[in-house]
$ cat work02.cif   # mmCIF, C-alpha atoms
data_input
#
loop_
_atom_site.group_PDB
_atom_site.id
_atom_site.type_symbol
_atom_site.label_atom_id
_atom_site.label_comp_id
_atom_site.auth_asym_id
_atom_site.auth_seq_id
_atom_site.Cartn_x
_atom_site.Cartn_y
_atom_site.Cartn_z
ATOM 1 C CA MET O 30 -39.234 3.781 61.065
ATOM 2 C CA ALA O 31 -41.072 0.791 59.561
ATOM 3 C CA THR O 32 -43.038 1.537 56.378
ATOM 4 C CA ILE O 33 -44.532 -0.344 53.445
ATOM 5 C CA ASN O 34 -44.993 2.697 51.173
ATOM 6 C CA THR O 35 -41.326 3.503 50.673
ATOM 7 C CA ASN O 36 -38.628 0.850 50.709
ATOM 8 C CA ALA O 37 -35.411 2.879 50.805
ATOM 9 C CA GLY O 38 -33.251 -0.219 51.123
ATOM 10 C CA ALA O 39 -34.723 -1.702 47.947
ATOM 11 C CA MET O 40 -34.176 1.565 46.085
ATOM 12 C CA VAL O 41 -30.502 1.645 47.028
ATOM 13 C CA ALA O 42 -30.062 -2.039 46.196
ATOM 14 C CA LEU O 43 -31.749 -1.559 42.819
ATOM 15 C CA GLN O 44 -29.584 1.455 41.988
ATOM 16 C CA ASN O 45 -26.436 -0.494 42.789
ATOM 17 C CA LEU O 46 -27.629 -3.496 40.800
ATOM 18 C CA ASN O 47 -28.419 -1.329 37.761
ATOM 19 C CA LYS O 48 -24.981 0.234 37.970
ATOM 20 C CA THR O 49 -23.385 -3.210 38.134
ATOM 21 C CA ASN O 50 -25.422 -4.355 35.124
ATOM 22 C CA GLN O 51 -24.280 -1.314 33.117
ATOM 23 C CA GLN O 52 -20.656 -2.023 33.972
ATOM 24 C CA LEU O 53 -21.169 -5.668 33.056
ATOM 25 C CA GLU O 54 -22.605 -4.696 29.647
ATOM 26 C CA GLN O 55 -19.604 -2.440 29.036
ATOM 27 C CA VAL O 56 -17.143 -5.222 29.906
ATOM 28 C CA GLN O 57 -18.986 -7.718 27.718
ATOM 29 C CA SER O 58 -18.916 -5.237 24.826
ATOM 30 C CA ARG O 59 -15.157 -4.793 25.231
ATOM 31 C CA ILE O 60 -14.625 -8.545 25.278
ATOM 32 C CA ASN O 61 -16.849 -9.069 22.229
ATOM 33 C CA THR O 62 -15.265 -6.297 20.145
ATOM 34 C CA GLY O 63 -11.765 -6.236 21.599
ATOM 35 C CA LEU O 64 -12.124 -2.457 21.827
ATOM 36 C CA ALA O 65 -12.197 -0.233 24.882
ATOM 37 C CA VAL O 66 -13.518 2.572 22.655
ATOM 38 C CA SER O 67 -15.810 1.158 19.980
ATOM 39 C CA SER O 68 -18.061 4.193 19.514
ATOM 40 C CA ALA O 69 -18.158 7.914 20.190
ATOM 41 C CA LYS O 70 -20.385 7.183 23.189
ATOM 42 C CA ASP O 71 -17.503 5.413 24.938
ATOM 43 C CA ASN O 72 -15.070 8.320 24.582
ATOM 44 C CA GLY O 73 -15.838 10.989 22.000
ATOM 45 C CA GLY O 74 -12.368 12.542 21.886
ATOM 46 C CA ILE O 75 -10.439 9.286 21.573
ATOM 47 C CA PHE O 76 -12.932 7.948 19.027
ATOM 48 C CA ALA O 77 -12.481 11.052 16.843
ATOM 49 C CA ILE O 78 -8.679 10.758 16.961
ATOM 50 C CA ALA O 79 -8.816 7.048 16.151
ATOM 51 C CA GLN O 80 -11.165 7.596 13.216
ATOM 52 C CA SER O 81 -8.853 10.254 11.791
ATOM 53 C CA MET O 82 -5.926 7.877 12.068
ATOM 54 C CA ARG O 83 -7.965 5.082 10.465
ATOM 55 C CA ALA O 84 -8.633 7.401 7.525
ATOM 56 C CA ASP O 85 -4.880 7.940 7.143
ATOM 57 C CA VAL O 86 -4.250 4.184 7.228
ATOM 58 C CA ALA O 87 -6.853 3.672 4.488
ATOM 59 C CA GLY O 88 -5.198 6.467 2.500
ATOM 60 C CA TYR O 89 -1.806 4.796 2.774
ATOM 61 C CA LYS O 90 -3.280 1.592 1.366
ATOM 62 C CA ALA O 91 -4.218 3.586 -1.737
ATOM 63 C CA VAL O 92 -0.712 5.084 -1.785
ATOM 64 C CA ARG O 93 0.865 1.617 -1.756
ATOM 65 C CA ASN O 94 -1.381 0.510 -4.618
ATOM 66 C CA SER O 95 -0.447 3.613 -6.611
ATOM 67 C CA ILE O 96 3.257 3.035 -5.993
ATOM 68 C CA ASP O 97 2.945 -0.644 -6.962
ATOM 69 C CA LEU O 98 1.381 0.403 -10.259
ATOM 70 C CA ALA O 99 4.132 2.951 -10.940
ATOM 71 C CA VAL O 100 6.877 0.461 -10.015
ATOM 72 C CA SER O 101 5.443 -2.175 -12.345
ATOM 73 C CA THR O 102 5.151 0.309 -15.207
ATOM 74 C CA THR O 103 8.725 1.500 -14.664
ATOM 75 C CA ASP O 104 10.090 -2.031 -14.346
ATOM 76 C CA VAL O 105 8.498 -3.023 -17.654
ATOM 77 C CA ALA O 106 10.167 -0.018 -19.279
ATOM 78 C CA LEU O 107 13.489 -0.992 -17.677
ATOM 79 C CA ALA O 108 13.237 -4.575 -18.894
ATOM 80 C CA ALA O 109 12.480 -3.355 -22.406
ATOM 81 C CA GLY O 110 15.356 -0.854 -22.300
ATOM 82 C CA GLU O 111 17.808 -3.524 -21.196
ATOM 83 C CA ALA O 112 16.645 -5.800 -24.013
ATOM 84 C CA ILE O 113 17.111 -2.944 -26.492
ATOM 85 C CA SER O 114 20.601 -2.370 -25.118
ATOM 86 C CA ASP O 115 21.478 -6.011 -25.774
ATOM 87 C CA LEU O 116 20.115 -5.709 -29.318
ATOM 88 C CA LEU O 117 22.182 -2.591 -29.973
ATOM 89 C CA VAL O 118 25.297 -4.448 -28.879
ATOM 90 C CA GLU O 119 24.500 -7.216 -31.375
ATOM 91 C CA MET O 120 23.764 -4.641 -34.077
ATOM 92 C CA LYS O 121 27.096 -2.973 -33.435
ATOM 93 C CA GLU O 122 28.798 -6.308 -33.827
ATOM 94 C CA LYS O 123 27.090 -6.877 -37.198
ATOM 95 C CA ALA O 124 27.827 -3.356 -38.432
ATOM 96 C CA LEU O 125 31.431 -3.505 -37.304
ATOM 97 C CA ALA O 126 31.941 -6.790 -39.120
ATOM 98 C CA ALA O 127 30.403 -5.247 -42.255
ATOM 99 C CA ALA O 128 32.743 -2.245 -41.978
ATOM 100 C CA ASP O 129 35.640 -4.517 -42.922
ATOM 101 C CA SER O 130 36.569 -3.327 -46.429
ATOM 102 C CA SER O 131 37.944 -6.743 -47.314
ATOM 103 C CA LEU O 132 34.546 -8.360 -46.802
ATOM 104 C CA ASP O 133 32.800 -9.614 -49.942
ATOM 105 C CA SER O 134 29.409 -8.285 -51.007
ATOM 106 C CA ALA O 135 27.487 -11.477 -50.236
ATOM 107 C CA SER O 136 28.759 -11.603 -46.666
ATOM 108 C CA ARG O 137 27.946 -7.920 -46.116
ATOM 109 C CA THR O 138 24.434 -8.523 -47.445
ATOM 110 C CA ALA O 139 23.955 -11.385 -44.991
ATOM 111 C CA LEU O 140 25.195 -9.209 -42.138
ATOM 112 C CA ASN O 141 22.800 -6.448 -43.187
ATOM 113 C CA ALA O 142 19.883 -8.905 -43.118
ATOM 114 C CA ASP O 143 20.751 -9.850 -39.550
ATOM 115 C CA PHE O 144 21.188 -6.176 -38.688
ATOM 116 C CA SER O 145 17.774 -5.291 -40.113
ATOM 117 C CA ALA O 146 16.080 -8.112 -38.196
ATOM 118 C CA LEU O 147 17.610 -6.856 -34.942
ATOM 119 C CA ARG O 148 16.551 -3.284 -35.787
ATOM 120 C CA ASP O 149 12.968 -4.384 -36.354
ATOM 121 C CA GLN O 150 13.024 -6.316 -33.097
ATOM 122 C CA ILE O 151 13.709 -3.035 -31.287
ATOM 123 C CA LYS O 152 10.508 -1.637 -32.779
ATOM 124 C CA THR O 153 8.579 -4.681 -31.549
ATOM 125 C CA ILE O 154 9.953 -4.390 -28.023
ATOM 126 C CA ILE O 155 9.129 -0.688 -27.825
ATOM 127 C CA SER O 156 5.543 -1.166 -28.977
ATOM 128 C CA ASN O 157 4.957 -3.975 -26.452
ATOM 129 C CA ALA O 158 6.624 -2.413 -23.394
ATOM 130 C CA GLU O 159 3.266 -1.510 -21.887
ATOM 131 C CA PHE O 160 1.762 -2.019 -18.433
ATOM 132 C CA ASN O 161 -1.844 -1.165 -17.601
ATOM 133 C CA GLY O 162 -2.136 0.858 -20.797
ATOM 134 C CA THR O 163 0.975 2.974 -20.146
ATOM 135 C CA ASN O 164 4.155 2.833 -22.213
ATOM 136 C CA LEU O 165 7.078 4.868 -20.902
ATOM 137 C CA ILE O 166 9.432 4.299 -23.854
ATOM 138 C CA ASP O 167 7.418 4.889 -27.025
ATOM 139 C CA GLY O 168 6.884 8.636 -26.654
ATOM 140 C CA SER O 169 3.130 8.290 -26.042
ATOM 141 C CA THR O 170 3.245 9.798 -22.546
ATOM 142 C CA THR O 171 5.192 12.465 -20.715
ATOM 143 C CA GLY O 172 5.586 10.271 -17.631
ATOM 144 C CA ILE O 173 3.634 8.861 -14.698
ATOM 145 C CA SER O 174 2.948 9.955 -11.124
ATOM 146 C CA ALA O 175 2.350 7.936 -7.959
ATOM 147 C CA LEU O 176 0.663 9.099 -4.764
ATOM 148 C CA ALA O 177 3.141 9.916 -2.008
ATOM 149 C CA ASN O 178 0.949 10.742 1.005
ATOM 150 C CA ALA O 179 -2.450 9.926 2.467
ATOM 151 C CA ASP O 180 -4.234 13.082 1.312
ATOM 152 C CA GLY O 181 -2.859 12.995 -2.240
ATOM 153 C CA SER O 182 -1.184 16.402 -1.977
ATOM 154 C CA ASN O 183 2.265 15.006 -2.892
ATOM 155 C CA THR O 184 3.284 12.723 -5.741
ATOM 156 C CA ILE O 185 6.386 10.980 -7.046
ATOM 157 C CA SER O 186 6.934 11.421 -10.774
ATOM 158 C CA VAL O 187 8.724 9.187 -13.261
ATOM 159 C CA ALA O 188 9.625 10.841 -16.563
ATOM 160 C CA ASP O 189 9.245 8.947 -19.834
ATOM 161 C CA GLU O 190 12.237 7.881 -21.904
ATOM 162 C CA ASP O 191 11.446 7.836 -25.627
ATOM 163 C CA LEU O 192 13.542 4.979 -27.006
ATOM 164 C CA SER O 193 12.013 5.053 -30.473
ATOM 165 C CA LEU O 194 14.372 4.769 -33.431
ATOM 166 C CA SER O 195 15.414 8.082 -34.994
ATOM 167 C CA GLY O 196 14.852 9.752 -31.643
ATOM 168 C CA SER O 197 17.046 11.803 -29.354
ATOM 169 C CA ILE O 198 18.197 8.740 -27.390
ATOM 170 C CA ILE O 199 18.457 6.042 -30.061
ATOM 171 C CA THR O 200 19.629 7.987 -33.074
ATOM 172 C CA ILE O 201 19.668 5.099 -35.520
ATOM 173 C CA ALA O 202 17.173 5.605 -38.340
ATOM 174 C CA THR O 203 14.070 3.433 -38.465
ATOM 175 C CA ASN O 204 15.226 2.061 -41.839
ATOM 176 C CA ALA O 205 18.952 1.983 -41.067
ATOM 177 C CA SER O 206 20.921 -0.495 -43.182
ATOM 178 C CA PHE O 207 24.225 -0.753 -44.991
ATOM 179 C CA SER O 208 25.498 -2.005 -48.305
ATOM 180 C CA THR O 209 29.053 -0.651 -48.130
ATOM 181 C CA ALA O 210 31.820 -0.635 -45.578
ATOM 182 C CA THR O 211 31.557 3.149 -45.210
ATOM 183 C CA GLN O 212 27.848 2.992 -44.429
ATOM 184 C CA ALA O 213 28.445 0.245 -41.886
ATOM 185 C CA ASP O 214 31.203 2.285 -40.259
ATOM 186 C CA ASN O 215 28.864 5.285 -39.900
ATOM 187 C CA ILE O 216 26.230 3.076 -38.302
ATOM 188 C CA VAL O 217 28.791 1.763 -35.825
ATOM 189 C CA SER O 218 29.399 5.335 -34.706
ATOM 190 C CA GLN O 219 25.627 5.996 -34.373
ATOM 191 C CA ILE O 220 25.156 2.834 -32.321
ATOM 192 C CA GLY O 221 27.950 3.904 -29.972
ATOM 193 C CA THR O 222 26.226 7.229 -29.350
ATOM 194 C CA SER O 223 22.863 5.501 -28.946
ATOM 195 C CA LEU O 224 24.284 3.094 -26.393
ATOM 196 C CA ASP O 225 25.702 5.959 -24.332
ATOM 197 C CA ASN O 226 22.338 7.739 -24.445
ATOM 198 C CA LEU O 227 20.466 4.543 -23.604
ATOM 199 C CA ASN O 228 22.686 3.786 -20.612
ATOM 200 C CA ALA O 229 21.917 7.229 -19.186
ATOM 201 C CA SER O 230 18.207 6.655 -19.832
ATOM 202 C CA LEU O 231 18.259 3.277 -18.076
ATOM 203 C CA ALA O 232 20.068 4.849 -15.138
ATOM 204 C CA ARG O 233 17.274 7.412 -14.769
ATOM 205 C CA LEU O 234 14.584 4.745 -14.926
ATOM 206 C CA GLY O 235 16.456 2.572 -12.441
ATOM 207 C CA THR O 236 16.831 5.459 -10.007
ATOM 208 C CA ALA O 237 13.137 6.276 -10.313
ATOM 209 C CA SER O 238 12.122 2.670 -9.677
ATOM 210 C CA LYS O 239 14.393 2.478 -6.640
ATOM 211 C CA SER O 240 12.957 5.720 -5.252
ATOM 212 C CA LEU O 241 9.436 4.337 -5.578
ATOM 213 C CA GLU O 242 10.372 1.142 -3.759
ATOM 214 C CA VAL O 243 12.108 3.057 -0.959
ATOM 215 C CA HIS O 244 9.040 5.252 -0.498
ATOM 216 C CA LYS O 245 6.758 2.223 -0.521
ATOM 217 C CA THR O 246 8.795 0.724 2.333
ATOM 218 C CA PHE O 247 8.525 3.985 4.259
ATOM 219 C CA VAL O 248 4.763 4.169 3.687
ATOM 220 C CA GLY O 249 4.394 0.602 4.945
ATOM 221 C CA LYS O 250 6.285 1.415 8.150
ATOM 222 C CA LEU O 251 4.284 4.606 8.632
ATOM 223 C CA SER O 252 1.011 2.739 8.177
ATOM 224 C CA ASP O 253 2.098 0.083 10.692
ATOM 225 C CA ALA O 254 3.000 2.807 13.207
ATOM 226 C CA LEU O 255 -0.429 4.401 12.786
ATOM 227 C CA GLU O 256 -2.199 1.081 13.277
ATOM 228 C CA LYS O 257 -0.165 0.500 16.428
ATOM 229 C CA GLY O 258 -1.125 3.971 17.639
ATOM 230 C CA ILE O 259 -4.803 3.268 17.010
ATOM 231 C CA GLY O 260 -4.486 0.050 18.977
ATOM 232 C CA ASN O 261 -2.888 1.887 21.893
ATOM 233 C CA LEU O 262 -5.837 4.294 21.934
ATOM 234 C CA VAL O 263 -8.833 2.003 21.535
ATOM 235 C CA ASP O 264 -7.857 -1.635 22.131
ATOM 236 C CA ALA O 265 -9.101 -3.279 25.317
ATOM 237 C CA ASP O 266 -6.820 -5.166 27.708
ATOM 238 C CA LEU O 267 -8.647 -8.483 27.550
ATOM 239 C CA ALA O 268 -6.792 -9.957 30.516
ATOM 240 C CA LYS O 269 -8.018 -7.124 32.749
ATOM 241 C CA GLU O 270 -11.499 -7.207 31.255
ATOM 242 C CA SER O 271 -11.757 -10.957 31.863
ATOM 243 C CA ALA O 272 -10.862 -10.505 35.523
ATOM 244 C CA ARG O 273 -13.282 -7.581 35.790
ATOM 245 C CA LEU O 274 -16.029 -9.677 34.186
ATOM 246 C CA GLN O 275 -15.747 -12.332 36.877
ATOM 247 C CA SER O 276 -15.735 -9.674 39.595
ATOM 248 C CA LEU O 277 -18.847 -7.985 38.214
ATOM 249 C CA GLN O 278 -20.681 -11.294 37.832
ATOM 250 C CA VAL O 279 -20.134 -11.981 41.548
ATOM 251 C CA LYS O 280 -21.163 -8.400 42.355
ATOM 252 C CA GLN O 281 -24.317 -8.850 40.267
ATOM 253 C CA GLN O 282 -25.307 -11.989 42.174
ATOM 254 C CA LEU O 283 -24.714 -10.227 45.486
ATOM 255 C CA GLY O 284 -26.764 -7.273 44.276
ATOM 256 C CA ILE O 285 -29.658 -9.548 43.403
ATOM 257 C CA GLN O 286 -29.494 -11.095 46.857
ATOM 258 C CA ALA O 287 -29.320 -7.639 48.498
ATOM 259 C CA LEU O 288 -32.368 -6.530 46.509
ATOM 260 C CA SER O 289 -34.216 -9.684 47.533
ATOM 261 C CA ILE O 290 -33.433 -9.025 51.197
ATOM 262 C CA ALA O 291 -34.510 -5.389 50.888
ATOM 263 C CA ASN O 292 -37.770 -6.402 49.193
ATOM 264 C CA SER O 293 -38.565 -8.865 51.971
ATOM 265 C CA ALA O 294 -38.017 -6.264 54.713
ATOM 266 C CA PRO O 295 -41.616 -4.861 54.643
ATOM 267 C CA SER O 296 -42.996 -8.325 55.395
ATOM 268 C CA SER O 297 -41.440 -8.090 58.861
ATOM 269 C CA ILE O 298 -44.042 -5.397 59.659
ATOM 270 C CA LEU O 299 -46.643 -8.161 59.849
ATOM 271 C CA GLY O 300 -45.027 -9.235 63.099
ATOM 272 C CA TYR O 301 -46.285 -6.059 64.765
ATOM 273 C CA PHE O 302 -49.891 -7.141 64.229
ATOM 274 C CA ARG O 303 -49.745 -10.620 65.681
#
$ encode --input "work02.cif" --output "structure tokens"
Amino acid sequence: MATINTNAGAMVALQNLNKTNQQLEQVQSRINTGLAVSSAKDNGGIFAIAQSMRADVAGYKAVRNSIDLAVSTTDVALAAGEAISDLLVEMKEKALAAADSSLDSASRTALNADFSALRDQIKTIISNAEFNGTNLIDGSTTGISALANADGSNTISVADEDLSLSGSIITIATNASFSTATQADNIVSQIGTSLDNLNASLARLGTASKSLEVHKTFVGKLSDALEKGIGNLVDADLAKESARLQSLQVKQQLGIQALSIANSAPSSILGYFR
């Protein structure tokens, strides 16, 4: 049947052309963004999963920052503790030399001056062993905590180690000094005990710092795995999309030609009236 009111061929051609144009827009979007699923409209379920995983990745970035802060704070405390240990060794040497009963008074006085300077240096180190406002060795805090997972429900704690003079770890008095061989000998004994206590304290800090670094490595690997998983879900295969783009462009041109042919069909009716 020949008609000019309804052009069925043009309708079909236009429907096919519109479909091709929609597919072409989708391919161009994937090429522009690099994503097969860039919005919930593309695939609501996959988009929701990917967004949840992206939230976890962002959370792990905060975890790494928290761990870095805790590691730095602990490492400062460790460096200070090791310096104090070296000073205690020097102090023991001075006190042991002064414990020699055959030593004259002037020499013992000189040794005591050196001893006192080293003692005061310990105080200086303790007061300056601070990172980001936190000091783990002066007794001002009970410890620090670092985030361990993406939702903040778990933490890794590092206990403080109070290395102040006259404390439970370093038992030497804040004004310790000697003027006799007996006093020097007593101080030698106190320094020995303090060194044993300090070594145990440094071991605890070292273990805590190592644990933080191990967990940071794990968090980094976990974050990388999540990012890879997100990519597997939403990333577009650009090689396939490029080939599809060329195919759709040819299909679009053919669709335009088919529509043009369908639109020109009613003009053939004029031949019936000649």
$ resolve_selection --input "work02.cif" --expression "the PyMOL selection byres ((chain O and resi 262) around 9)" --output "CSV table (one decimal) with C-alpha atoms, in the coordinates of the input"
chain,number,residue,atom,x,y,z
O,65,ALA,CA,-12.2,-0.2,24.9
O,66,VAL,CA,-13.5,2.6,22.7
O,75,ILE,CA,-10.4,9.3,21.6
O,76,PHE,CA,-12.9,7.9,19.0
O,78,ILE,CA,-8.7,10.8,17.0
O,79,ALA,CA,-8.8,7.0,16.2
O,257,LYS,CA,-0.2,0.5,16.4
O,258,GLY,CA,-1.1,4.0,17.6
O,259,ILE,CA,-4.8,3.3,17.0
O,260,GLY,CA,-4.5,0.0,19.0
O,261,ASN,CA,-2.9,1.9,21.9
O,263,VAL,CA,-8.8,2.0,21.5
O,264,ASP,CA,-7.9,-1.6,22.1
O,265,ALA,CA,-9.1,-3.3,25.3
$ residues_near_point --input "work02.cif" --point "(1.6, 7.0, 15.3)" --cutoff "9 Å" --atoms "only C-alpha atoms" --output "list in words"
Met82, Leu251, Ser252, Asp253, Ala254, Leu255, Glu256, Lys257, Gly258 and Ile259 of chain O
$ closest_residue --input "work02.cif" --among "O:Ser101, O:Ser218, O:Asn228, O:Ser293" --to "Glu122 of chain O" --atoms "all atoms listed in the file"
O:Ser218
$ resolve_selection --input "work02.cif" --expression "the PyMOL selection byres ((chain O and resi 103) around 9)" --output "ChimeraX atom specification"
/O:98-102,104-108,160,164-165,173,187,234-235,237-238
$ residues_around --input "work02.cif" --residues "Leu274 of chain O" --least-positions-apart "4" --cutoff "9 Å" --atoms "all atoms listed in the file" --output "PDB file with C-alpha atoms, keeping the file's coordinate frame"
ATOM      1  CA  GLN O  52     -20.656  -2.023  33.972  1.00  0.00           C
ATOM      2  CA  LEU O  53     -21.169  -5.668  33.056  1.00  0.00           C
ATOM      3  CA  VAL O  56     -17.143  -5.222  29.906  1.00  0.00           C
ATOM      4  CA  GLN O  57     -18.986  -7.718  27.718  1.00  0.00           C
ATOM      5  CA  LYS O 269      -8.018  -7.124  32.749  1.00  0.00           C
ATOM      6  CA  GLU O 270     -11.499  -7.207  31.255  1.00  0.00           C
ATOM      7  CA  GLN O 278     -20.681 -11.294  37.832  1.00  0.00           C
ATOM      8  CA  VAL O 279     -20.134 -11.981  41.548  1.00  0.00           C
TER       9      VAL O 279
END
$ closest_residue --input "work02.cif" --among "O:Thr171, O:Asn157, O:Ser145, O:Thr163" --to "Ser206 of chain O" --atoms "only C-alpha atoms"
O:Ser145
$ atom_distance --input "work02.cif" --atom1 "atom CA of Ser197 of chain O" --atom2 "atom CA of Ile151 of chain O"
15.3 Å
$ atom_distance --input "work02.cif" --atom1 "atom CA of Ala179 of chain O" --atom2 "atom CA of Asp85 of chain O"
5.6 Å
$ atom_distance --input "work02.cif" --atom1 "atom CA of Glu119 of chain O" --atom2 "atom CA of Asp189 of chain O"
25.0 Å
$ residues_around --input "work02.cif" --residues "Gly110 of chain O" --least-positions-apart "2" --cutoff "9 Å" --atoms "all atoms listed in the file" --output "number ranges by chain"
O: 105-108, 112-115, 154-155, 158, 166, 192, 227-228, 230-231
$ closest_residue --input "work02.cif" --among "O:Ala139, O:Glu111, O:Leu194, O:Thr49" --to "Gln275 of chain O" --atoms "all atoms listed in the file"
O:Thr49
$ residues_around --input "work02.cif" --residues "Lys48 of chain O" --least-positions-apart "6" --cutoff "10 Å" --atoms "all atoms listed in the file" --output "list in words"
Ala42, Glu54, Gln281 and Gly284 of chain O
$ resolve_selection --input "work02.cif" --expression "the PyMOL selection byres ((chain O and resi 46) around 10)" --output "count of residues only"
21
$ residues_around --input "work02.cif" --residues "Leu125 of chain O" --least-positions-apart "5" --cutoff "9 Å" --atoms "only C-alpha atoms" --output "MDAnalysis selection string"
chainID O and resid 120 210 213:214 216:217
$ closest_residue --input "work02.cif" --among "O:Asp149, O:Asp180, O:Asp143, O:Asp225" --to "Thr200 of chain O" --atoms "only C-alpha atoms"
O:Asp225
$ residues_near_point --input "work02.cif" --point "(36.4, -2.0, -43.4)" --cutoff "12 Å" --atoms "only C-alpha atoms" --output "PyMOL selection string"
chain O and resi 124-133+137+208-215+217
$ closest_residue --input "work02.cif" --among "O:Thr62, O:Asn204, O:Ile33, O:Gly73" --to "Ile298 of chain O" --atoms "all atoms listed in the file"
O:Ile33
$ build_atoms --input "work02.cif" --residues "segment 39-58 of chain O" --atoms "N, CA and C atoms" --output "compact mmCIF listing (two decimals), in the coordinates of the input"
# COMPACT_ATOMS: atom_id res chain seq x y z
N ALA O 39 -34.56 -1.11 49.27
CA ALA O 39 -34.72 -1.70 47.95
C ALA O 39 -34.30 -0.73 46.86
N MET O 40 -34.58 0.57 47.08
CA MET O 40 -34.18 1.56 46.08
C MET O 40 -32.66 1.60 45.92
N VAL O 41 -31.97 1.61 47.07
CA VAL O 41 -30.50 1.64 47.03
C VAL O 41 -29.95 0.37 46.38
N ALA O 42 -30.52 -0.77 46.75
CA ALA O 42 -30.06 -2.04 46.20
C ALA O 42 -30.29 -2.09 44.69
N LEU O 43 -31.44 -1.55 44.25
CA LEU O 43 -31.75 -1.56 42.82
C LEU O 43 -30.81 -0.62 42.05
N GLN O 44 -30.51 0.53 42.64
CA GLN O 44 -29.58 1.46 41.99
C GLN O 44 -28.20 0.81 41.80
N ASN O 45 -27.74 0.17 42.86
CA ASN O 45 -26.44 -0.49 42.79
C ASN O 45 -26.45 -1.64 41.79
N LEU O 46 -27.54 -2.38 41.74
CA LEU O 46 -27.63 -3.50 40.80
C LEU O 46 -27.65 -2.99 39.36
N ASN O 47 -28.39 -1.90 39.12
CA ASN O 47 -28.42 -1.33 37.76
C ASN O 47 -27.03 -0.84 37.33
N LYS O 48 -26.33 -0.23 38.27
CA LYS O 48 -24.98 0.23 37.97
C LYS O 48 -24.07 -0.94 37.63
N THR O 49 -24.19 -2.01 38.40
CA THR O 49 -23.38 -3.21 38.13
C THR O 49 -23.72 -3.79 36.77
N ASN O 50 -25.01 -3.82 36.43
CA ASN O 50 -25.42 -4.36 35.12
C ASN O 50 -24.87 -3.51 33.97
N GLN O 51 -24.85 -2.20 34.15
CA GLN O 51 -24.28 -1.31 33.12
C GLN O 51 -22.79 -1.58 32.93
N GLN O 52 -22.09 -1.73 34.05
CA GLN O 52 -20.66 -2.02 33.97
C GLN O 52 -20.41 -3.38 33.32
N LEU O 53 -21.30 -4.32 33.64
CA LEU O 53 -21.17 -5.67 33.06
C LEU O 53 -21.39 -5.63 31.55
N GLU O 54 -22.36 -4.85 31.08
CA GLU O 54 -22.60 -4.70 29.65
C GLU O 54 -21.39 -4.07 28.95
N GLN O 55 -20.78 -3.09 29.61
CA GLN O 55 -19.60 -2.44 29.04
C GLN O 55 -18.45 -3.43 28.89
N VAL O 56 -18.23 -4.24 29.95
CA VAL O 56 -17.14 -5.22 29.91
C VAL O 56 -17.41 -6.27 28.83
N GLN O 57 -18.65 -6.72 28.74
CA GLN O 57 -18.99 -7.72 27.72
C GLN O 57 -18.79 -7.15 26.31
N SER O 58 -19.12 -5.88 26.12
CA SER O 58 -18.92 -5.24 24.83
C SER O 58 -17.43 -5.18 24.48
